[in-house]
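Data file: entry.cif. Format and content: mmCIF, C-alpha atoms.
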```cif
data_query
#
loop_
_atom_site.label_atom_id
_atom_site.label_comp_id
_atom_site.auth_asym_id
_atom_site.auth_seq_id
_atom_site.Cartn_x
_atom_site.Cartn_y
_atom_site.Cartn_z
CA MET A 177 0.00 0.00 0.00
CA PHE A 178 2.96 2.33 0.36
CA PRO A 179 4.59 2.42 -3.01
CA CYS A 180 7.64 4.52 -3.60
CA CYS A 181 7.56 6.03 -0.17
CA TYR A 182 10.73 7.06 1.54
CA PHE A 183 11.30 9.20 4.55
CA PRO A 184 12.06 12.80 4.00
CA PHE A 185 14.47 14.93 5.86
CA TYR A 186 13.22 16.78 8.85
CA GLY A 187 10.33 19.02 7.97
CA GLU A 188 10.51 18.36 4.26
CA VAL A 189 7.26 17.79 2.44
CA ARG A 190 6.99 14.52 0.52
CA ARG A 191 4.21 12.98 -1.44
CA ILE A 192 2.85 9.46 -1.38
CA SER A 193 0.34 8.26 -3.84
CA LEU A 194 -1.85 5.29 -3.02
CA GLU A 195 -3.48 3.44 -5.82
CA ASN A 196 -6.44 1.20 -5.34
CA THR A 197 -8.82 -0.45 -7.72
CA PHE A 198 -12.38 0.19 -6.74
CA LYS A 199 -15.28 -0.97 -8.91
CA ASN A 200 -13.00 -1.36 -11.93
CA LYS A 201 -11.79 2.17 -11.55
CA THR A 202 -8.35 3.09 -10.36
CA VAL A 203 -8.58 5.57 -7.56
CA ARG A 204 -5.46 7.50 -6.87
CA LEU A 205 -5.05 9.26 -3.55
CA ASN A 206 -2.30 11.74 -3.18
CA PHE A 207 -1.01 12.59 0.27
CA ARG A 208 1.59 15.03 1.26
CA TYR A 209 3.29 14.50 4.57
CA THR A 210 6.07 15.98 6.62
CA PHE A 211 8.42 14.27 8.99
CA LEU A 212 8.72 16.01 12.31
CA ILE A 213 10.30 15.36 15.66
CA ASN A 214 8.25 16.68 18.57
CA LYS A 215 9.49 18.34 21.72
CA ASP A 216 9.60 15.02 23.55
CA ARG A 217 11.70 13.40 20.83
CA LYS A 218 8.84 11.48 19.30
CA ILE A 219 8.76 11.01 15.59
CA GLY A 220 5.56 12.08 13.98
CA LEU A 221 4.12 12.21 10.52
CA THR A 222 1.96 15.13 9.65
CA PHE A 223 -0.29 14.74 6.67
CA VAL A 224 -0.92 17.81 4.69
CA LYS A 225 -4.50 17.94 3.57
CA LYS A 226 -3.94 19.51 0.19
CA THR A 227 -3.63 16.76 -2.38
CA LYS A 228 -2.41 18.89 -5.21
CA SER A 229 0.68 21.00 -5.32
CA ARG A 230 -0.06 24.47 -6.55
CA GLY A 231 3.39 25.89 -6.49
CA PRO A 232 5.11 28.07 -9.05
CA TYR A 233 6.37 24.89 -10.72
CA ARG A 234 2.86 23.79 -11.56
CA ILE A 235 1.99 27.21 -12.91
CA MET A 236 5.12 27.12 -15.06
CA MET A 237 4.14 23.72 -16.42
CA ASP A 238 0.68 25.05 -17.21
CA LEU A 239 2.18 28.05 -18.95
CA LYS A 240 4.39 25.89 -21.13
CA LYS A 241 1.30 24.52 -22.80
CA ASN A 242 -1.07 27.45 -22.39
CA TRP A 243 1.28 30.38 -22.93
CA TRP A 244 -0.97 31.83 -25.62
CA LYS A 245 -3.86 32.14 -23.17
CA ALA A 246 -1.68 34.12 -20.78
CA LEU A 247 -0.51 36.20 -23.74
CA ALA A 248 -4.12 36.93 -24.71
CA ILE A 249 -4.93 38.10 -21.16
CA LEU A 250 -1.86 40.34 -20.96
CA ILE A 251 -2.42 41.84 -24.41
CA LEU A 252 -6.07 42.55 -23.66
CA LEU A 253 -5.24 44.17 -20.32
CA TYR A 254 -2.82 46.39 -22.21
CA SER A 255 -5.41 47.19 -24.86
CA ILE A 256 -8.08 48.11 -22.30
CA ILE A 257 -5.80 50.35 -20.26
CA GLY A 258 -4.02 51.79 -23.30
CA GLY A 259 -7.22 52.14 -25.26
CA LEU A 260 -8.71 54.38 -22.59
CA LEU A 261 -5.60 56.35 -21.73
CA ILE A 262 -3.54 57.02 -24.87
CA GLU A 263 -3.75 60.23 -26.87
CA VAL A 264 -5.93 59.85 -29.93
CA PRO A 265 -6.38 62.13 -32.96
CA ARG A 266 -8.91 64.89 -32.32
CA LEU A 267 -11.56 64.49 -35.00
CA ALA A 268 -14.95 66.16 -35.33
CA ILE A 269 -18.07 63.99 -34.90
CA LEU A 270 -15.96 61.04 -33.74
CA ASN A 271 -14.52 62.85 -30.71
CA GLU A 272 -13.69 60.28 -28.03
CA THR A 273 -15.69 57.55 -29.77
CA ILE A 274 -12.67 56.96 -31.98
CA ARG A 275 -11.65 54.65 -29.16
CA ALA A 276 -14.30 52.21 -30.37
CA LEU A 277 -11.56 51.19 -32.78
CA PHE A 278 -9.88 49.36 -29.89
CA PHE A 279 -12.97 47.47 -28.78
CA HIS A 280 -15.56 47.26 -31.55
CA VAL A 281 -13.35 46.60 -34.57
CA PRO A 282 -11.38 43.71 -32.98
CA MET A 283 -14.71 41.90 -32.56
CA TRP A 284 -15.12 41.77 -36.34
CA PHE A 285 -11.50 40.83 -36.94
CA GLY A 286 -11.84 38.06 -34.36
CA MET A 287 -15.09 36.91 -35.95
CA ILE A 288 -13.55 36.72 -39.43
CA PHE A 289 -10.62 34.72 -38.10
CA LEU A 290 -12.81 32.27 -36.17
CA LEU A 291 -15.16 31.80 -39.12
CA SER A 292 -12.23 31.14 -41.45
CA VAL A 293 -10.98 28.46 -39.06
CA SER A 294 -14.51 27.05 -39.10
CA VAL A 295 -14.50 26.90 -42.92
CA PHE A 296 -11.07 25.30 -42.82
CA TYR A 297 -12.43 22.48 -40.64
CA SER A 298 -15.54 22.17 -42.80
CA ILE A 299 -13.36 21.55 -45.85
CA LYS A 300 -11.27 19.14 -43.81
CA TYR A 301 -14.42 17.29 -42.79
CA LEU A 302 -15.57 16.98 -46.40
CA SER A 303 -12.27 15.41 -47.37
CA SER A 304 -11.94 13.13 -44.34
CA ASN A 305 -15.49 12.42 -43.06
CA ASN A 306 -14.03 12.63 -39.57
CA LEU A 307 -16.72 13.88 -37.18
CA GLN A 308 -14.08 15.52 -34.97
CA HIS A 309 -13.47 18.05 -37.73
CA ASP A 310 -17.20 18.75 -37.84
CA VAL A 311 -17.21 19.48 -34.10
CA ARG A 312 -14.38 21.96 -34.56
CA ALA A 313 -16.14 23.65 -37.47
CA VAL A 314 -19.32 24.15 -35.44
CA GLU A 315 -17.67 25.39 -32.28
CA PHE A 316 -15.43 27.89 -34.08
CA ALA A 317 -18.46 29.17 -35.99
CA ASN A 318 -20.28 29.40 -32.67
CA SER A 319 -17.80 31.70 -30.97
CA GLY A 320 -17.33 33.60 -34.24
CA VAL A 321 -21.03 34.41 -34.26
CA VAL A 322 -20.87 35.48 -30.60
CA PHE A 323 -18.17 37.97 -31.59
CA GLY A 324 -20.30 39.10 -34.51
CA VAL A 325 -23.31 39.76 -32.27
CA LEU A 326 -21.11 41.73 -29.87
CA GLY A 327 -19.74 43.65 -32.84
CA ILE A 328 -23.17 44.57 -34.14
CA LEU A 329 -24.39 45.63 -30.65
CA THR A 330 -21.35 47.81 -29.97
CA GLY A 331 -21.70 49.23 -33.48
CA MET A 332 -25.30 50.18 -32.73
CA VAL A 333 -24.34 52.01 -29.55
CA TRP A 334 -21.63 53.87 -31.46
CA ALA A 335 -23.99 54.68 -34.32
CA LYS A 336 -26.50 56.24 -31.89
CA PHE A 337 -23.95 58.86 -30.89
CA THR A 338 -22.31 59.50 -34.26
CA TRP A 339 -25.01 58.84 -36.85
CA GLY A 340 -27.94 59.76 -34.60
CA ASP A 341 -29.74 56.43 -34.58
CA TYR A 342 -29.13 52.88 -33.43
CA TRP A 343 -30.16 51.51 -36.81
CA SER A 344 -30.09 53.74 -39.85
CA ASN A 345 -30.17 50.99 -42.49
CA ASP A 346 -26.59 51.75 -43.38
CA PRO A 347 -25.25 49.23 -45.93
CA LYS A 348 -22.58 48.16 -43.48
CA GLN A 349 -25.12 47.52 -40.72
CA ASN A 350 -27.51 45.71 -43.04
CA GLY A 351 -24.71 43.64 -44.53
CA ALA A 352 -23.53 42.59 -41.10
CA ALA A 353 -27.08 41.72 -40.01
CA ILE A 354 -27.73 39.62 -43.13
CA GLY A 355 -24.39 37.88 -42.66
CA LEU A 356 -25.23 37.00 -39.07
CA LEU A 357 -28.70 35.76 -40.08
CA ILE A 358 -27.06 33.45 -42.63
CA TYR A 359 -24.97 32.02 -39.80
CA PHE A 360 -28.01 31.66 -37.52
CA ALA A 361 -29.57 29.61 -40.31
CA TYR A 362 -26.45 27.41 -40.20
CA PHE A 363 -27.23 26.41 -36.62
CA VAL A 364 -30.92 25.93 -37.36
CA LEU A 365 -30.00 23.72 -40.29
CA ARG A 366 -27.73 21.60 -38.12
CA ASN A 367 -30.34 21.10 -35.47
CA SER A 368 -32.98 20.08 -37.97
CA LEU A 369 -31.01 17.10 -39.27
CA GLU A 370 -30.94 13.81 -37.37
CA ASP A 371 -28.30 11.66 -39.01
CA GLU A 372 -24.82 12.63 -37.78
CA GLN A 373 -22.91 12.19 -41.02
CA LYS A 374 -25.64 13.81 -43.08
CA LYS A 375 -25.85 16.73 -40.66
CA ALA A 376 -22.09 17.20 -40.77
CA ARG A 377 -21.84 17.01 -44.54
CA ILE A 378 -24.74 19.32 -45.39
CA SER A 379 -23.74 21.90 -42.78
CA ALA A 380 -20.10 21.81 -43.95
CA VAL A 381 -21.18 22.68 -47.49
CA TYR A 382 -23.53 25.36 -46.14
CA ASN A 383 -20.76 26.79 -43.98
CA ILE A 384 -18.45 27.24 -46.97
CA PHE A 385 -21.16 29.09 -48.89
CA ALA A 386 -22.10 31.18 -45.85
CA PHE A 387 -18.52 32.36 -45.48
CA ALA A 388 -18.25 33.10 -49.18
CA THR A 389 -21.38 35.28 -48.88
CA LEU A 390 -20.30 37.02 -45.69
CA ILE A 391 -17.08 38.48 -47.10
CA PRO A 392 -18.71 40.55 -49.88
CA LEU A 393 -21.55 41.53 -47.53
CA LEU A 394 -19.10 43.01 -45.02
CA PHE A 395 -16.19 44.21 -47.09
CA ILE A 396 -17.23 44.75 -50.71
CA LEU A 397 -20.88 45.83 -50.96
CA PRO A 398 -20.64 48.64 -48.32
CA ARG A 399 -17.70 50.08 -50.25
CA LEU A 400 -19.65 50.16 -53.50
CA THR A 401 -22.54 52.17 -52.08
CA ASP A 402 -22.85 55.10 -49.70
CA SER A 403 -22.03 53.79 -46.29
CA LEU A 404 -21.37 56.15 -43.42
CA HIS A 405 -19.07 53.63 -41.78
CA PRO A 406 -15.43 54.71 -41.61
CA GLY A 407 -13.56 53.09 -44.45
CA ASN A 408 -16.60 52.78 -46.74
CA GLY A 409 -18.37 54.73 -49.48
CA GLY A 410 -15.72 57.38 -49.85
CA ASN A 411 -15.28 57.81 -46.11
CA PRO A 412 -11.67 57.43 -45.17
CA GLY A 413 -10.75 54.43 -43.03
CA PHE A 414 -8.92 54.95 -39.83
CA ASN A 415 -5.67 54.19 -41.60
CA ALA A 416 -5.87 57.50 -43.42
CA TYR A 417 -5.87 59.40 -40.13
CA ASP A 418 -3.40 57.59 -38.00
CA LEU A 419 -0.23 58.71 -39.67
CA ASP A 420 1.07 59.10 -36.14
CA ASN A 421 0.70 55.33 -35.53
CA ARG A 422 -0.74 56.01 -32.08
CA LEU A 423 -3.92 54.13 -32.85
CA ARG A 424 -2.12 51.16 -34.34
CA LEU A 425 -0.07 50.75 -31.20
CA VAL A 426 -3.17 49.60 -29.35
CA PHE A 427 -5.37 48.47 -32.23
CA TYR A 428 -3.19 45.63 -33.56
CA PRO A 429 -2.55 44.11 -30.10
CA ALA A 430 -6.29 44.32 -29.38
CA VAL A 431 -7.04 42.39 -32.59
CA ILE A 432 -4.50 39.69 -31.71
CA GLY A 433 -5.73 39.50 -28.11
CA TRP A 434 -9.41 39.13 -28.96
CA THR A 435 -8.63 36.61 -31.68
CA LEU A 436 -6.68 34.49 -29.21
CA MET A 437 -9.53 34.86 -26.72
CA GLY A 438 -11.97 33.58 -29.33
CA VAL A 439 -9.72 30.61 -30.08
CA TRP A 440 -9.61 29.92 -26.34
CA PHE A 441 -13.42 29.96 -25.99
CA SER A 442 -13.78 27.70 -29.02
CA SER A 443 -11.13 25.30 -27.74
CA ILE A 444 -12.96 24.92 -24.41
CA ARG A 445 -16.21 24.14 -26.22
CA VAL A 446 -14.46 21.71 -28.56
CA ARG A 447 -12.92 19.90 -25.58
CA ILE A 448 -16.31 19.62 -23.86
CA ARG A 449 -17.85 18.22 -27.05
CA ASP A 450 -14.99 15.71 -27.40
CA LEU A 451 -15.55 14.62 -23.79
CA GLN A 452 -19.27 14.18 -24.46
CA ASN A 453 -18.52 12.05 -27.51
CA GLN A 454 -16.04 9.92 -25.55
CA MET A 455 -18.61 9.39 -22.81
CA ASN A 456 -21.25 8.41 -25.37
CA GLU A 457 -18.86 5.91 -26.89
CA THR A 458 -18.03 4.24 -23.57
CA ALA A 459 -21.62 4.26 -22.34
CA MET B 122 30.45 78.21 -58.64
CA LYS B 123 27.21 79.94 -59.54
CA ASN B 124 25.46 76.62 -59.85
CA LEU B 125 26.81 75.48 -56.54
CA LEU B 126 25.48 78.62 -54.85
CA LEU B 127 22.13 78.13 -56.55
CA ILE B 128 21.92 74.56 -55.33
CA CYS B 129 22.82 75.71 -51.83
CA PHE B 130 20.07 78.31 -51.86
CA LEU B 131 17.62 75.84 -53.23
CA PHE B 132 18.37 73.50 -50.37
CA LEU B 133 17.96 76.36 -47.91
CA SER B 134 14.61 77.26 -49.41
CA LEU B 135 13.54 73.59 -49.24
CA ASN B 136 14.25 73.69 -45.58
CA GLY B 137 12.11 76.81 -45.34
CA PHE B 138 9.24 75.06 -47.04
CA ALA B 139 9.49 72.18 -44.66
CA GLN B 140 9.40 74.52 -41.70
CA GLN B 141 6.37 76.30 -43.08
CA SER B 142 4.39 73.15 -43.79
CA ALA B 143 5.20 71.70 -40.40
CA SER B 144 4.04 74.83 -38.59
CA SER B 145 0.89 75.05 -40.72
CA MET B 146 0.10 71.44 -39.88
CA ILE B 147 0.32 72.19 -36.21
CA ASN B 148 -1.96 75.18 -36.67
CA GLU B 149 -4.42 73.08 -38.60
CA GLU B 150 -4.54 70.55 -35.82
CA SER B 151 -5.01 73.00 -33.01
CA ALA B 152 -7.23 75.52 -34.81
CA PRO B 153 -10.58 73.67 -34.84
CA LYS B 154 -11.36 72.88 -31.23
CA VAL B 155 -12.64 69.34 -31.20
CA GLU B 156 -14.42 68.55 -28.00
CA MET B 157 -12.77 65.71 -26.12
CA ALA B 158 -13.14 64.51 -22.54
CA ASP B 159 -10.21 66.64 -21.41
CA GLN B 160 -11.74 67.83 -18.14
CA PHE B 161 -12.80 64.29 -17.32
CA ARG B 162 -9.20 63.16 -17.74
CA GLU B 163 -7.78 66.08 -15.79
CA ASP B 164 -10.05 65.22 -12.88
CA GLY B 165 -8.58 61.74 -12.91
CA LYS B 166 -12.01 60.17 -13.29
CA ILE B 167 -10.80 58.21 -16.29
CA TYR B 168 -8.88 55.99 -13.86
CA VAL B 169 -12.17 54.99 -12.24
CA LEU B 170 -13.33 53.77 -15.62
CA VAL B 171 -10.04 51.97 -16.25
CA ALA B 172 -10.32 50.25 -12.87
CA ILE B 173 -13.89 49.14 -13.56
CA MET B 174 -13.11 47.73 -16.99
CA VAL B 175 -9.96 45.98 -15.80
CA THR B 176 -11.87 44.44 -12.87
CA ILE B 177 -14.66 43.14 -15.10
CA PHE B 178 -12.18 41.80 -17.63
CA LEU B 179 -10.13 40.06 -14.94
CA GLY B 180 -13.27 38.60 -13.38
CA VAL B 181 -14.42 37.14 -16.67
CA THR B 182 -10.90 35.85 -17.32
CA VAL B 183 -10.59 34.14 -13.94
CA TYR B 184 -13.96 32.52 -14.56
CA THR B 185 -12.80 31.29 -17.98
CA VAL B 186 -9.58 29.92 -16.49
CA SER B 187 -11.60 28.01 -13.89
CA ILE B 188 -13.82 26.50 -16.60
CA ASP B 189 -10.69 25.57 -18.55
CA LYS B 190 -9.24 23.85 -15.46
CA LYS B 191 -12.47 21.98 -14.87
CA VAL B 192 -12.44 20.62 -18.42
CA SER B 193 -8.79 19.59 -18.02
CA ARG B 194 -9.70 17.71 -14.84
CA LEU B 195 -12.57 15.93 -16.64
CA GLU B 196 -10.22 14.98 -19.47
CA LYS B 197 -7.78 13.54 -16.96
CA ASP B 198 -10.52 11.62 -15.13
CA LEU B 199 -11.89 10.17 -18.33
CA LYS B 200 -8.44 9.04 -19.42
CA ASN B 201 -7.87 7.04 -16.23
#
```

Would you encode the structure as structure tokens?
Amino acid sequence: MFPCCYFPFYGEVRRISLENTFKNKTVRLNFRYTFLINKDRKIGLTFVKKTKSRGPYRIMMDLKKNWWKALAILILLYSIIGGLLIEVPRLAILNETIRALFFHVPMWFGMIFLLSVSVFYSIKYLSSNNLQHDVRAVEFANSGVVFGVLGILTGMVWAKFTWGDYWSNDPKQNGAAIGLLIYFAYFVLRNSLEDEQKKARISAVYNIFAFATLIPLLFILPRLTDSLHPGNGGNPGFNAYDLDNRLRLVFYPAVIGWTLMGVWFSSIRVRIRDLQNQMNETA
Amino acid sequence: MKNLLLICFLFLSLNGFAQQSASSMINEESAPKVEMADQFREDGKIYVLVAIMVTIFLGVTVYTVSIDKKVSRLEKDLKN
């Protein structure tokens, strides 16, 4: 019962792990104990209740694998603090709302990235028929759409104070709304099909077409007509203003940070789905 | 010699142009008073906002990390 257990030096913390098979499942108990000599020269073992070590070593090991999550958090902290505090160009109408560039625009960049990953996995599914690829395609599309909804909501708040109304049927707004509705239909379509392979195949094809429609809706059509949105319909994009590079200093990190955050959310959902599938297989 | 002098003067005048355009740019920037939250910043109230946003962001992040850890634990349990 005491495998690999040896006595530590005085006061040093050691670990024992006890393994036992219980109802066909291996139960592992981890104990930490210290070796002490009392006042009256008696040897005593003190068990430390905590079964997991949470020292800096463990955090370092976590960071080795998850460094990009820590990077995302740090970058986003920087973008929030910097986005509120740095000097920005003084422009009429926009005034302080130019700072929406650091919060609203990264939502769309993140969405485009997540949806492209989703399309990538859809194509992979079609060539491999591996349902794991389908799971990845759905979950990346899922968090991409969450970003899109946040983008459209923040855009509406901004539009209220610069264009005078939450919704003014601007081509950019309408394009974004149609694009999101196409993606909502993607989820409806998935849920309406029973057979797993059929569901995966049809929705993969739909996903590719949805993405191919979204790009012109967001980036081409608003530029062909009169959109009030910065960067469209003859309105200069932010790049024309920021010759000083002050905006870019926060904007690019914010885009990277939110994209990484989106990948993180998707990866958690993918892992949960994989666990569910594993449990269904064993059950 | 004449040409050299001419070139020298031309360079001097170029410099003058540069000076002029730079100063006019500064005037252009400061001339139209665009209303910004300058008073708000001077009062230091912007730091309240920064603190609130950082707190909310950190809270959401800690929550996400805890979900991530929970999933990792489930993965480990299912493997054993």

| Any idea what's packed within 12 Å of region 283-289 of chain A, counting only C-alpha atoms, ignoring anything in its chain fewer than 4 positions away? Could you give it as a count of residues only? | 50

| said: Need the shell around region 187-194 of chain B: protein/DNA/RNA residues with any atom at most 8 Å away, counting all atoms listed in the file. Skip same-chain ones fewer than 6 positions apart. Format as a ChimeraX atom specification? | reply: /A:444,447-448

Specify as an mmCIF file with C-alpha atoms, in the frame of the given file all residues of chain A found within 8 Å of chain B, counting all atoms listed in the file.
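File selection.cif, as written:
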```cif
data_model
loop_
_atom_site.group_PDB
_atom_site.id
_atom_site.type_symbol
_atom_site.label_atom_id
_atom_site.label_comp_id
_atom_site.auth_asym_id
_atom_site.auth_seq_id
_atom_site.Cartn_x
_atom_site.Cartn_y
_atom_site.Cartn_z
ATOM 1 C CA LYS A 201 -11.790 2.170 -11.550
ATOM 2 C CA THR A 202 -8.350 3.090 -10.360
ATOM 3 C CA ILE A 249 -4.930 38.100 -21.160
ATOM 4 C CA LEU A 253 -5.240 44.170 -20.320
ATOM 5 C CA ILE A 256 -8.080 48.110 -22.300
ATOM 6 C CA ILE A 257 -5.800 50.350 -20.260
ATOM 7 C CA LEU A 260 -8.710 54.380 -22.590
ATOM 8 C CA LEU A 261 -5.600 56.350 -21.730
ATOM 9 C CA ARG A 266 -8.910 64.890 -32.320
ATOM 10 C CA LEU A 267 -11.560 64.490 -35.000
ATOM 11 C CA ALA A 268 -14.950 66.160 -35.330
ATOM 12 C CA ASN A 271 -14.520 62.850 -30.710
ATOM 13 C CA GLU A 272 -13.690 60.280 -28.030
ATOM 14 C CA ILE A 444 -12.960 24.920 -24.410
ATOM 15 C CA ARG A 447 -12.920 19.900 -25.580
ATOM 16 C CA ILE A 448 -16.310 19.620 -23.860
ATOM 17 C CA LEU A 451 -15.550 14.620 -23.790
#
```

| What does the distance between CA of Asn350 (chain A) and CA of Asn383 (chain A) come to in Å, to one decimal place? |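 Interatomic distance here is 20.1 Å.
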
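If you count all atoms listed in the file and ignore residues fewer than 5 places along the chain from region 371-376 of chain A, what sits within 10 Å of it is Ser298, Tyr301, Leu302, Asn305, Asn306, Leu307, His309, Asp310, Val311, Ala313, Val314, Leu365, Arg366, Val381 and Tyr382 of chain A.
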
Draw an axis-aligned box tight on the listed atoms of region 323-328 of chain A, then pad every side by 4 Å and write out centre and edge lengths in Å to one decimal as AutoDock Vina command-line options.
```
--center_x -20.7 --center_y 41.3 --center_z -32.2 --size_x 13.1 --size_y 14.6 --size_z 12.6
```

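Across the structure, CA of Gly340 (chain A) and CA of Gly258 (chain A) are spaced 27.6 Å apart.
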
| query | What is the CA of Asn421 (chain A) to CA of Val264 (chain A) distance in Å? | reply |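 Distance between the two atoms: 9.8 Å.
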
Spell out the residues picked by the PyMOL selection byres ((chain A and resi 343) around 12) here, as an mmCIF file with C-alpha atoms, in the coordinates of the input.
```
data_model
loop_
_atom_site.group_PDB
_atom_site.id
_atom_site.type_symbol
_atom_site.label_atom_id
_atom_site.label_comp_id
_atom_site.auth_asym_id
_atom_site.auth_seq_id
_atom_site.Cartn_x
_atom_site.Cartn_y
_atom_site.Cartn_z
ATOM 1 C CA ILE A 328 -23.170 44.570 -34.140
ATOM 2 C CA LEU A 329 -24.390 45.630 -30.650
ATOM 3 C CA THR A 330 -21.350 47.810 -29.970
ATOM 4 C CA GLY A 331 -21.700 49.230 -33.480
ATOM 5 C CA MET A 332 -25.300 50.180 -32.730
ATOM 6 C CA VAL A 333 -24.340 52.010 -29.550
ATOM 7 C CA TRP A 334 -21.630 53.870 -31.460
ATOM 8 C CA ALA A 335 -23.990 54.680 -34.320
ATOM 9 C CA LYS A 336 -26.500 56.240 -31.890
ATOM 10 C CA PHE A 337 -23.950 58.860 -30.890
ATOM 11 C CA THR A 338 -22.310 59.500 -34.260
ATOM 12 C CA TRP A 339 -25.010 58.840 -36.850
ATOM 13 C CA GLY A 340 -27.940 59.760 -34.600
ATOM 14 C CA ASP A 341 -29.740 56.430 -34.580
ATOM 15 C CA TYR A 342 -29.130 52.880 -33.430
ATOM 16 C CA SER A 344 -30.090 53.740 -39.850
ATOM 17 C CA ASN A 345 -30.170 50.990 -42.490
ATOM 18 C CA ASP A 346 -26.590 51.750 -43.380
ATOM 19 C CA PRO A 347 -25.250 49.230 -45.930
ATOM 20 C CA LYS A 348 -22.580 48.160 -43.480
ATOM 21 C CA GLN A 349 -25.120 47.520 -40.720
ATOM 22 C CA ASN A 350 -27.510 45.710 -43.040
ATOM 23 C CA ALA A 352 -23.530 42.590 -41.100
ATOM 24 C CA ALA A 353 -27.080 41.720 -40.010
ATOM 25 C CA LEU A 404 -21.370 56.150 -43.420
#
```
